[in-house]
$ cat query.txt   # compact mmCIF, C-alpha atoms
# COMPACT_ATOMS: atom_id res chain seq x y z
CA MET A 1 119.05 104.94 79.68
CA THR A 2 119.96 101.27 79.76
CA PRO A 3 120.60 99.26 82.93
CA GLU A 4 124.33 99.17 82.12
CA ASP A 5 124.82 102.95 82.29
CA PRO A 6 127.58 103.74 84.79
CA GLU A 7 125.90 106.95 85.93
CA GLU A 8 123.40 105.03 88.00
CA THR A 9 125.79 102.81 89.92
CA GLN A 10 125.92 105.13 92.95
CA PRO A 11 123.09 106.16 95.26
CA LEU A 12 121.74 109.57 94.47
CA LEU A 13 121.42 110.82 98.02
CA GLY A 14 121.42 109.66 101.59
CA PRO A 15 122.87 110.36 105.01
CA PRO A 16 126.68 110.27 105.16
CA GLY A 17 128.12 106.83 105.81
CA GLY A 18 124.65 105.34 106.14
CA SER A 19 124.22 107.00 109.54
CA ALA A 20 120.74 107.45 110.93
CA PRO A 21 119.32 110.94 110.39
CA LEU A 22 118.43 113.20 113.26
CA SER A 23 114.84 113.95 112.22
CA ARG A 24 112.02 111.44 112.25
CA ARG A 25 109.61 113.56 110.22
CA VAL A 26 110.19 111.14 107.37
CA PHE A 27 107.75 108.79 109.13
CA LEU A 28 105.09 111.50 109.21
CA ALA A 29 105.60 112.19 105.50
CA ALA A 30 105.40 108.47 104.71
CA PHE A 31 102.21 108.17 106.74
CA ALA A 32 100.68 111.11 104.90
CA ALA A 33 101.47 109.51 101.53
CA ALA A 34 100.29 106.08 102.74
CA LEU A 35 96.82 107.52 103.30
CA GLY A 36 96.53 107.36 99.51
CA PRO A 37 96.84 103.55 99.46
CA LEU A 38 94.47 103.45 102.45
CA SER A 39 91.88 105.38 100.42
CA PHE A 40 92.64 103.08 97.49
CA GLY A 41 91.85 100.03 99.60
CA PHE A 42 88.69 101.60 101.00
CA ALA A 43 87.47 102.34 97.46
CA LEU A 44 88.17 98.73 96.43
CA GLY A 45 86.36 97.30 99.43
CA TYR A 46 83.47 99.80 99.37
CA SER A 47 81.41 97.91 96.80
CA SER A 48 81.29 94.72 98.88
CA PRO A 49 79.06 96.06 101.69
CA ALA A 50 77.46 98.78 99.53
CA ILE A 51 75.96 96.49 96.88
CA PRO A 52 73.70 94.50 99.28
CA SER A 53 72.69 97.81 100.89
CA LEU A 54 71.84 99.33 97.50
CA ARG A 55 69.86 96.26 96.51
CA ARG A 56 67.59 97.09 99.45
CA ALA A 57 67.40 100.82 98.64
CA ALA A 58 63.97 102.37 99.14
CA SER A 59 64.19 104.43 95.95
CA PRO A 60 63.69 102.40 92.75
CA ALA A 61 66.08 104.79 90.94
CA LEU A 62 68.92 103.71 93.26
CA ARG A 63 68.11 100.02 93.56
CA LEU A 64 70.71 97.87 91.83
CA ASP A 65 69.81 94.90 89.70
CA ASP A 66 72.37 92.21 88.83
CA ALA A 67 73.79 94.08 85.83
CA ALA A 68 74.05 97.41 87.67
CA ALA A 69 75.64 95.72 90.68
CA SER A 70 78.27 94.15 88.43
CA TRP A 71 79.08 97.54 86.90
CA PHE A 72 79.13 99.21 90.30
CA GLY A 73 81.89 96.90 91.47
CA ALA A 74 83.88 96.65 88.24
CA ILE A 75 83.81 100.22 86.88
CA VAL A 76 86.41 101.28 89.43
CA THR A 77 89.00 99.30 87.45
CA LEU A 78 88.29 101.35 84.32
CA GLY A 79 88.97 104.51 86.28
CA ALA A 80 92.10 102.98 87.76
CA ALA A 81 93.43 102.14 84.29
CA ALA A 82 92.98 105.75 83.22
CA GLY A 83 94.45 106.92 86.52
CA GLY A 84 97.58 104.85 85.98
CA VAL A 85 98.23 106.54 82.63
CA LEU A 86 97.43 109.99 84.03
CA GLY A 87 99.57 109.36 87.11
CA GLY A 88 102.52 108.32 84.97
CA TRP A 89 102.28 111.65 83.18
CA LEU A 90 101.71 113.71 86.32
CA VAL A 91 104.37 112.23 88.58
CA ASP A 92 107.28 113.40 86.46
CA ARG A 93 105.83 116.74 85.37
CA ALA A 94 103.88 117.99 88.37
CA GLY A 95 106.04 116.22 90.93
CA ARG A 96 105.33 113.53 93.48
CA LYS A 97 103.82 115.80 96.14
CA LEU A 98 101.49 117.69 93.79
CA SER A 99 100.37 114.42 92.18
CA LEU A 100 99.36 113.09 95.60
CA LEU A 101 97.55 116.33 96.36
CA LEU A 102 95.70 116.19 93.05
CA CYS A 103 94.58 112.58 93.54
CA THR A 104 92.67 113.56 96.67
CA ALA A 105 90.21 115.55 94.53
CA PRO A 106 88.69 112.58 92.63
CA PHE A 107 88.63 110.56 95.87
CA VAL A 108 86.62 113.19 97.73
CA VAL A 109 84.47 114.22 94.75
CA GLY A 110 83.78 110.59 93.82
CA PHE A 111 82.57 109.63 97.30
CA ALA A 112 80.63 112.91 97.52
CA VAL A 113 78.83 112.10 94.26
CA ILE A 114 77.97 108.64 95.62
CA THR A 115 76.70 110.21 98.85
CA ALA A 116 74.44 112.62 96.93
CA ALA A 117 73.42 110.07 94.30
CA GLN A 118 69.84 110.16 93.07
CA ASN A 119 70.15 107.45 90.43
CA VAL A 120 72.38 104.60 89.32
CA TRP A 121 74.33 106.77 86.88
CA MET A 122 75.52 109.01 89.71
CA LEU A 123 76.61 105.93 91.63
CA LEU A 124 78.61 104.69 88.65
CA GLY A 125 80.09 108.14 88.03
CA GLY A 126 81.26 108.37 91.62
CA ARG A 127 82.85 104.92 91.42
CA LEU A 128 84.61 105.88 88.19
CA LEU A 129 86.10 108.97 89.86
CA THR A 130 87.32 107.00 92.86
CA GLY A 131 88.87 104.50 90.45
CA LEU A 132 90.73 107.34 88.72
CA ALA A 133 92.12 108.40 92.09
CA CYS A 134 93.08 104.80 92.89
CA GLY A 135 95.17 104.58 89.73
CA ILE A 136 97.06 107.78 90.53
CA ALA A 137 97.58 106.97 94.21
CA SER A 138 98.79 103.41 93.58
CA LEU A 139 101.43 104.79 91.22
CA VAL A 140 102.61 107.91 93.03
CA ALA A 141 102.55 106.88 96.71
CA PRO A 142 105.24 104.14 96.42
CA VAL A 143 107.49 106.51 94.46
CA TYR A 144 107.09 109.30 97.02
CA ILE A 145 107.71 107.01 99.99
CA SER A 146 110.76 105.41 98.38
CA GLU A 147 112.33 108.74 97.47
CA ILE A 148 111.89 110.37 100.89
CA SER A 149 113.15 107.34 102.84
CA TYR A 150 116.73 106.80 103.91
CA PRO A 151 118.14 103.28 103.36
CA ALA A 152 117.74 101.99 106.91
CA VAL A 153 113.94 102.39 106.88
CA ARG A 154 113.14 102.20 103.17
CA GLY A 155 112.15 98.54 103.33
CA LEU A 156 109.91 99.12 106.35
CA LEU A 157 108.16 102.12 104.86
CA GLY A 158 107.90 100.56 101.41
CA SER A 159 106.13 97.50 102.81
CA CYS A 160 103.51 99.75 104.39
CA VAL A 161 102.00 100.57 100.98
CA GLN A 162 100.38 97.20 100.34
CA LEU A 163 99.59 96.80 104.03
CA MET A 164 97.66 100.08 103.95
CA VAL A 165 95.72 98.91 100.88
CA VAL A 166 94.45 95.77 102.60
CA THR A 167 93.83 97.75 105.80
CA GLY A 168 91.60 100.07 103.77
CA ILE A 169 89.68 97.08 102.43
CA LEU A 170 89.21 95.74 105.97
CA LEU A 171 88.10 99.19 107.16
CA ALA A 172 85.42 99.26 104.44
CA TYR A 173 84.21 95.79 105.45
CA LEU A 174 84.10 96.69 109.16
CA ALA A 175 82.36 100.01 108.58
CA GLY A 176 79.92 98.39 106.14
CA TRP A 177 78.88 96.03 108.93
CA VAL A 178 77.22 98.94 110.76
CA LEU A 179 76.77 101.71 108.16
CA GLU A 180 74.50 102.04 105.16
CA TRP A 181 75.98 102.90 101.77
CA ARG A 182 75.56 106.70 102.04
CA TRP A 183 77.30 107.01 105.40
CA LEU A 184 79.92 104.56 104.23
CA ALA A 185 80.67 106.91 101.31
CA VAL A 186 80.92 109.84 103.73
CA LEU A 187 83.49 107.88 105.70
CA GLY A 188 85.39 107.23 102.46
CA CYS A 189 86.07 110.97 102.15
CA ALA A 190 87.94 111.05 105.48
CA PRO A 191 91.31 109.40 104.59
CA ALA A 192 91.72 111.45 101.40
CA SER A 193 90.80 114.68 103.21
CA PHE A 194 93.29 113.91 105.96
CA MET A 195 95.95 113.17 103.36
CA LEU A 196 95.27 116.52 101.65
CA LEU A 197 95.70 118.31 104.97
CA LEU A 198 98.95 116.53 105.89
CA MET A 199 100.55 116.63 102.45
CA CYS A 200 100.21 120.42 102.35
CA TYR A 201 102.91 120.53 105.05
CA MET A 202 105.16 117.83 103.57
CA PRO A 203 108.04 118.61 101.16
CA GLU A 204 108.59 117.43 97.62
CA THR A 205 111.02 114.51 97.37
CA PRO A 206 114.70 115.55 97.35
CA ARG A 207 115.41 113.36 94.34
CA PHE A 208 112.76 115.04 92.19
CA LEU A 209 114.01 118.47 93.22
CA LEU A 210 117.59 117.53 92.33
CA THR A 211 116.58 116.29 88.90
CA ARG A 212 115.00 119.70 88.37
CA GLN A 213 118.21 121.44 89.52
CA ARG A 214 116.41 122.97 92.51
CA HIS A 215 119.25 122.36 94.94
CA GLN A 216 118.25 124.77 97.71
CA GLU A 217 114.77 123.28 97.91
CA ALA A 218 116.27 119.78 97.93
CA MET A 219 118.53 120.75 100.85
CA ALA A 220 115.55 122.15 102.75
CA ALA A 221 113.53 118.98 102.07
CA MET A 222 116.34 116.74 103.32
CA HIS A 223 116.76 118.87 106.42
CA PHE A 224 113.01 118.60 107.12
CA LEU A 225 112.86 114.84 106.51
CA TRP A 226 116.20 113.65 107.83
CA GLY A 227 117.67 116.50 109.86
CA SER A 228 120.57 116.33 107.39
CA GLU A 229 121.55 118.13 104.20
CA GLN A 230 124.14 115.65 102.97
CA VAL A 231 124.11 114.61 99.32
CA GLN A 232 126.40 111.85 98.13
CA GLU A 233 126.05 112.58 94.45
CA GLU A 234 124.54 115.18 92.18
CA ALA A 235 121.66 114.19 89.92
CA PRO A 236 122.94 112.56 86.71
CA ALA A 237 122.99 114.80 83.69
CA GLY A 238 119.76 114.47 81.75
CA ALA A 239 118.09 112.51 84.55
CA GLU A 240 114.87 114.39 83.94
CA HIS A 241 114.77 112.97 80.42
CA GLN A 242 115.05 109.31 81.42
CA GLY A 243 112.34 107.09 80.04
CA PHE A 244 111.61 103.89 78.25
CA ARG A 245 112.38 103.60 74.56
CA LEU A 246 110.98 100.85 72.33
CA ALA A 247 114.49 100.15 71.02
CA GLN A 248 115.34 98.75 74.45
CA LEU A 249 113.07 95.75 73.79
CA ARG A 250 115.82 94.32 71.56
CA HIS A 251 117.91 93.53 74.64
CA PRO A 252 117.23 90.13 76.27
CA GLY A 253 117.72 91.73 79.66
CA ILE A 254 114.72 93.95 78.87
CA TYR A 255 112.20 91.87 76.93
CA LYS A 256 112.53 88.73 79.08
CA PRO A 257 111.64 90.49 82.36
CA PHE A 258 108.93 92.34 80.45
CA ILE A 259 107.27 89.13 79.21
CA ILE A 260 107.62 87.39 82.57
CA GLY A 261 106.38 90.43 84.49
CA VAL A 262 103.36 91.10 82.31
CA SER A 263 102.44 87.40 82.31
CA LEU A 264 102.60 87.22 86.10
CA MET A 265 100.50 90.36 86.39
CA ALA A 266 97.92 89.01 83.94
CA PHE A 267 97.60 85.63 85.68
CA GLN A 268 97.37 87.30 89.09
CA GLN A 269 94.52 89.52 87.90
CA LEU A 270 92.76 86.71 86.04
CA SER A 271 92.81 84.59 89.21
CA GLY A 272 89.77 86.62 90.32
CA ILE A 273 91.12 88.02 93.57
CA ASN A 274 89.81 91.51 92.76
CA ALA A 275 86.35 90.10 92.09
CA VAL A 276 86.37 88.51 95.52
CA MET A 277 87.33 91.85 97.08
CA PHE A 278 84.66 93.78 95.15
CA TYR A 279 81.83 91.31 95.73
CA ALA A 280 82.80 89.46 98.94
CA GLU A 281 79.51 90.09 100.71
CA THR A 282 77.47 89.30 97.60
CA ILE A 283 79.40 86.06 97.13
CA PHE A 284 78.61 84.96 100.68
CA GLU A 285 74.96 85.91 100.20
CA LYS A 286 74.84 83.75 97.08
CA ALA A 287 76.40 81.03 99.20
CA LYS A 288 73.30 81.31 101.42
CA PHE A 289 74.89 83.01 104.41
CA LYS A 290 72.49 85.09 106.49
CA ASP A 291 75.32 87.12 108.06
CA SER A 292 77.54 87.68 105.05
CA SER A 293 79.03 90.82 106.62
CA LEU A 294 80.71 88.78 109.34
CA ALA A 295 82.20 86.39 106.81
CA SER A 296 83.51 89.34 104.77
CA VAL A 297 85.16 90.87 107.85
CA ILE A 298 86.87 87.55 108.58
CA VAL A 299 88.20 87.49 105.02
CA GLY A 300 89.49 91.06 105.43
CA ILE A 301 91.28 90.21 108.66
CA ILE A 302 92.92 87.18 107.04
CA GLN A 303 94.10 89.35 104.16
CA VAL A 304 95.76 91.88 106.48
CA LEU A 305 97.45 89.17 108.54
CA PHE A 306 98.80 87.29 105.53
CA THR A 307 99.97 90.50 103.86
CA ALA A 308 102.13 91.21 106.90
CA LEU A 309 103.27 87.57 107.06
CA ALA A 310 104.21 87.47 103.38
CA ALA A 311 106.30 90.62 103.78
CA LEU A 312 108.21 89.02 106.65
CA ILE A 313 108.92 85.61 105.09
CA MET A 314 109.38 86.55 101.44
CA ASP A 315 113.12 87.17 101.59
CA ARG A 316 113.71 83.94 103.54
CA ALA A 317 111.42 81.63 101.56
CA GLY A 318 112.13 83.03 98.10
CA ARG A 319 109.84 84.51 95.46
CA ARG A 320 109.54 81.47 93.23
CA LEU A 321 108.59 79.13 96.07
CA LEU A 322 105.93 81.50 97.37
CA LEU A 323 104.49 82.07 93.89
CA THR A 324 104.24 78.31 93.35
CA LEU A 325 102.70 77.79 96.79
CA SER A 326 100.25 80.62 96.16
CA GLY A 327 99.10 79.06 92.90
CA VAL A 328 98.53 75.67 94.53
CA VAL A 329 96.62 77.19 97.45
CA MET A 330 94.41 79.31 95.18
CA VAL A 331 93.56 76.34 92.92
CA PHE A 332 92.67 74.18 95.93
CA SER A 333 90.60 76.91 97.62
CA THR A 334 88.58 77.85 94.52
CA SER A 335 87.88 74.17 93.89
CA ALA A 336 86.68 73.76 97.48
CA PHE A 337 84.43 76.81 97.25
CA GLY A 338 82.99 75.54 93.96
CA ALA A 339 82.31 72.22 95.64
CA TYR A 340 80.50 74.09 98.44
CA PHE A 341 78.21 75.78 95.92
CA ARG A 342 77.52 72.44 94.28
CA LEU A 343 76.74 70.69 97.56
CA THR A 344 74.42 73.43 98.80
CA GLN A 345 72.65 74.00 95.48
CA GLY A 346 68.92 74.06 96.08
CA GLY A 347 69.32 73.64 99.83
CA PRO A 348 67.96 75.95 102.54
CA GLY A 349 69.87 79.05 103.62
CA ASN A 350 72.25 78.80 106.55
CA SER A 351 73.50 81.23 109.14
CA SER A 352 77.21 81.96 109.18
CA HIS A 353 76.74 83.91 112.40
CA VAL A 354 75.54 80.87 114.28
CA GLU A 355 77.84 78.33 112.66
CA LEU A 356 81.08 80.34 112.72
CA LEU A 357 80.78 81.24 116.38
CA SER A 358 79.48 77.92 117.63
CA PRO A 359 81.68 75.13 119.07
CA LEU A 360 83.15 72.78 116.50
CA SER A 361 81.62 69.79 118.30
CA MET A 362 78.07 71.11 117.90
CA GLU A 363 75.96 68.93 115.68
CA PRO A 364 75.05 70.86 112.50
CA ALA A 365 71.36 71.40 111.82
CA SER A 366 71.70 70.67 108.11
CA ALA A 367 74.29 69.76 105.50
CA SER A 368 74.58 73.35 104.26
CA VAL A 369 75.04 74.67 107.80
CA GLY A 370 77.73 72.09 108.44
CA LEU A 371 79.58 73.23 105.32
CA ALA A 372 79.74 76.86 106.43
CA TRP A 373 83.31 76.42 107.60
CA LEU A 374 84.25 75.02 104.19
CA ALA A 375 82.96 78.14 102.45
CA VAL A 376 84.66 80.67 104.70
CA GLY A 377 87.84 78.60 104.99
CA SER A 378 88.21 78.19 101.24
CA VAL A 379 87.78 81.92 100.58
CA CYS A 380 90.25 82.74 103.36
CA LEU A 381 92.77 80.35 101.81
CA PHE A 382 92.20 81.95 98.42
CA ILE A 383 92.84 85.42 99.85
CA ALA A 384 95.91 84.20 101.73
CA GLY A 385 97.35 82.68 98.55
CA GLY A 386 96.52 85.78 96.53
CA THR A 387 98.25 87.98 99.10
CA GLN A 388 101.47 85.97 98.85
CA ALA A 389 101.32 86.12 95.06
CA LEU A 390 100.83 89.88 95.11
CA TRP A 391 103.80 90.43 97.39
CA CYS A 392 106.01 88.28 95.17
CA LEU A 393 104.87 90.26 92.13
CA LEU A 394 105.78 93.49 93.86
CA ALA A 395 109.16 92.04 94.76
CA CYS A 396 109.82 90.87 91.22
CA LEU A 397 108.56 93.98 89.44
CA ARG A 398 109.80 96.59 91.96
CA LEU A 399 108.27 100.01 92.42
CA LEU A 400 106.72 101.86 89.53
CA HIS A 401 109.29 104.07 87.79
CA PRO A 402 108.17 107.69 87.49
CA GLN A 403 109.24 108.04 83.86
CA CYS A 404 107.16 105.30 82.26
CA PRO A 405 104.16 103.29 83.46
CA PHE A 406 105.80 99.99 82.45
CA HIS A 407 109.43 100.86 83.20
CA PHE A 408 109.28 99.18 86.60
CA VAL A 409 108.64 95.90 84.77
CA LEU A 410 111.37 96.49 82.21
CA CYS A 411 114.20 97.81 84.37
CA PRO A 412 113.62 96.67 87.94
CA GLY A 413 117.24 97.27 88.92
CA ASN A 414 117.31 101.00 88.27
CA GLN A 415 115.50 102.01 91.41
CA ARG A 416 117.83 100.03 93.62
CA LYS A 417 120.71 101.95 92.14
CA ASP A 418 118.94 105.26 92.30
CA PHE A 419 117.61 104.96 95.81
CA GLY A 420 120.54 103.59 97.72
CA GLY A 421 122.35 100.33 97.19
CA ASN A 422 120.72 97.15 98.40
CA HIS A 423 118.31 98.69 100.89
CA SER A 424 115.29 98.24 98.65
CA PRO A 425 111.75 97.88 99.91
CA PHE A 426 111.54 94.35 98.59
$ encode --input "query.txt" --output "C-alpha cells"
Amino acid sequence: MTPEDPEETQPLLGPPGGSAPLSRRVFLAAFAAALGPLSFGFALGYSSPAIPSLRRAASPALRLDDAAASWFGAIVTLGAAAGGVLGGWLVDRAGRKLSLLLCTAPFVVGFAVITAAQNVWMLLGGRLLTGLACGIASLVAPVYISEISYPAVRGLLGSCVQLMVVTGILLAYLAGWVLEWRWLAVLGCAPASFMLLLMCYMPETPRFLLTRQRHQEAMAAMHFLWGSEQVQEEAPAGAEHQGFRLAQLRHPGIYKPFIIGVSLMAFQQLSGINAVMFYAETIFEKAKFKDSSLASVIVGIIQVLFTALAALIMDRAGRRLLLTLSGVVMVFSTSAFGAYFRLTQGGPGNSSHVELLSPLSMEPASASVGLAWLAVGSVCLFIAGGTQALWCLLACLRLLHPQCPFHFVLCPGNQRKDFGGNHSPF
C-alpha cells in the first residue's frame, strides 16, 4: 500500500469528536507496556557496573579478561538484531499483547542464566538472551502504546518509551553502585516479571483486533481502555496484508527517506554512544577514576534529563537544527575526552569522588585530578548530544510499522494517518 492510498486518509478509531474518554486505564496499559523499554534500558546499562565486578570475581572461570569483557558488553546487540527480526514477524501474527508477553521470557531467563552462571559462556549466553528480548521489546512496545492511546495523550505516552529506556540505564548504574553482578542480575528480572503480571490483565490493541475482524473483542478493548466503544471507521479492506514491497523503492518519496533514514541511523550508531552506555564504568576506570561508579551515575542522570528536555524542545527548535547541534556537541566532547586521556597518560590515578564533590576553588593536588571535571563534563556533553540526536531520529523515522521492520523508515506518514490525524507522538 503506497502513501497515496485514499483508504488511509482517515483515523481508524478514536473517541467521537476527539472528546476525552471516560476511562483512564489506558495509562495503566501504557505503563505495563513501557516496562519493556525499562527492562531494555536496564539490560543495556547492566554491563557497565557488572564488568568491573566480574573482573574482580573470585572464581577464575567467571573472571573477565579484556576480550571477554568486550564480548560481554557487545553481544547484547547481536541478540537485539535477531530480536528485531523476530519481533517484526511476531507483532503482526501473534499480536501486540502476546508479543510483549513472549519477550518477558528471554528477559527473565537471560538474567536468571547470568545469576546462575558458572563460567564466561553462561554469562555471554544470558546477555544474548536479554539482547533478544531487547530487540522484541523495542519494536513492539511503541506500537502497542501508540495503538491503545487516544489522540489527546498519544504524544505524551509515546514520549515515555525512550524516557523509560534511559531510566532503565540509570537504574542499572544506581543499583550497580551498591550491588554485585549476581544481585544486579536478580534485580534485572523484576521489571520484566512485573510486566508479565500486568500485561496478563491488559487487552490487545483495538486496531489489531479490527484488522483481524474481531469486532466484539475490539469493542471490549476500547471500553476497557477508554470507557468508550466508538469507532470512526472500519479497518480498511486487506489491512492485515499491508507490508513493504521492493517495487516501492522506485518512488522518490520512498527511496529518498529510506536513504536518509538509514544513513542517520548508521551515523548515530557509529558515533559510539552505545559503547559509552555499555562500558561507562570501564571507561572512567581507564581514565584513572577511583570512584567510576559515581561518574557513571552522573552520566545516567544527565541522559535522563536531556532526554526529557529534547522531547520538550524538539517541536519548537526543529529536527534539523537539533541534529546539527548534536553533531557539533558530540564532536567537541569526544575531542575533549581524547585530550583528557592524552594529558593524563602515564600520570597517577585520581579520585573522582573527591574532585567532583569538592569546591571548585580548591587547589587540585595534581594535573590529572584537576582535569577530572573535563573528563566527566565531556562525557556528559557527549551523552546530551547523543540524546538529542536520538530523539530527532525517532521524530524523523516515526514508530516502527508492525508489517515490516524497515517500513517505519520508508513510509513515516502512514502511522499518522492510521492512528489519528496530527496527534502523533513526535
$ residues_around --input "query.txt" --residues "Ala287 (chain A)" --least-positions-apart "3" --cutoff "7 Å" --atoms "all atoms listed in the file" --output "compact mmCIF listing (two decimals) with C-alpha atoms, in the coordinates of the input"
# COMPACT_ATOMS: atom_id res chain seq x y z
CA ILE A 283 79.40 86.06 97.13
CA PHE A 284 78.61 84.96 100.68
CA PHE A 341 78.21 75.78 95.92
$ residues_around --input "query.txt" --residues "Cys103 (chain A)" --least-positions-apart "2" --cutoff "10 Å" --atoms "only C-alpha atoms" --output "PDB file with C-alpha atoms, in the coordinates of the input"
ATOM      1  CA  GLY A  36      96.530 107.360  99.510  1.00  0.00           C
ATOM      2  CA  GLY A  83      94.450 106.920  86.520  1.00  0.00           C
ATOM      3  CA  GLY A  87      99.570 109.360  87.110  1.00  0.00           C
ATOM      4  CA  LEU A  98     101.490 117.690  93.790  1.00  0.00           C
ATOM      5  CA  SER A  99     100.370 114.420  92.180  1.00  0.00           C
ATOM      6  CA  LEU A 100      99.360 113.090  95.600  1.00  0.00           C
ATOM      7  CA  LEU A 101      97.550 116.330  96.360  1.00  0.00           C
ATOM      8  CA  ALA A 105      90.210 115.550  94.530  1.00  0.00           C
ATOM      9  CA  PRO A 106      88.690 112.580  92.630  1.00  0.00           C
ATOM     10  CA  PHE A 107      88.630 110.560  95.870  1.00  0.00           C
ATOM     11  CA  VAL A 108      86.620 113.190  97.730  1.00  0.00           C
ATOM     12  CA  LEU A 129      86.100 108.970  89.860  1.00  0.00           C
ATOM     13  CA  THR A 130      87.320 107.000  92.860  1.00  0.00           C
ATOM     14  CA  LEU A 132      90.730 107.340  88.720  1.00  0.00           C
ATOM     15  CA  ALA A 133      92.120 108.400  92.090  1.00  0.00           C
ATOM     16  CA  CYS A 134      93.080 104.800  92.890  1.00  0.00           C
ATOM     17  CA  GLY A 135      95.170 104.580  89.730  1.00  0.00           C
ATOM     18  CA  ILE A 136      97.060 107.780  90.530  1.00  0.00           C
ATOM     19  CA  ALA A 137      97.580 106.970  94.210  1.00  0.00           C
ATOM     20  CA  VAL A 140     102.610 107.910  93.030  1.00  0.00           C
ATOM     21  CA  ALA A 192      91.720 111.450 101.400  1.00  0.00           C
ATOM     22  CA  MET A 195      95.950 113.170 103.360  1.00  0.00           C
ATOM     23  CA  LEU A 196      95.270 116.520 101.650  1.00  0.00           C
TER      24      LEU A 196
END
$ residues_around --input "query.txt" --residues "Ala32 (chain A)" --least-positions-apart "2" --cutoff "10 Å" --atoms "all atoms listed in the file" --output "MDAnalysis selection string"
chainID A and resid 26:30 34:36 100 141 145 191:192 194:202
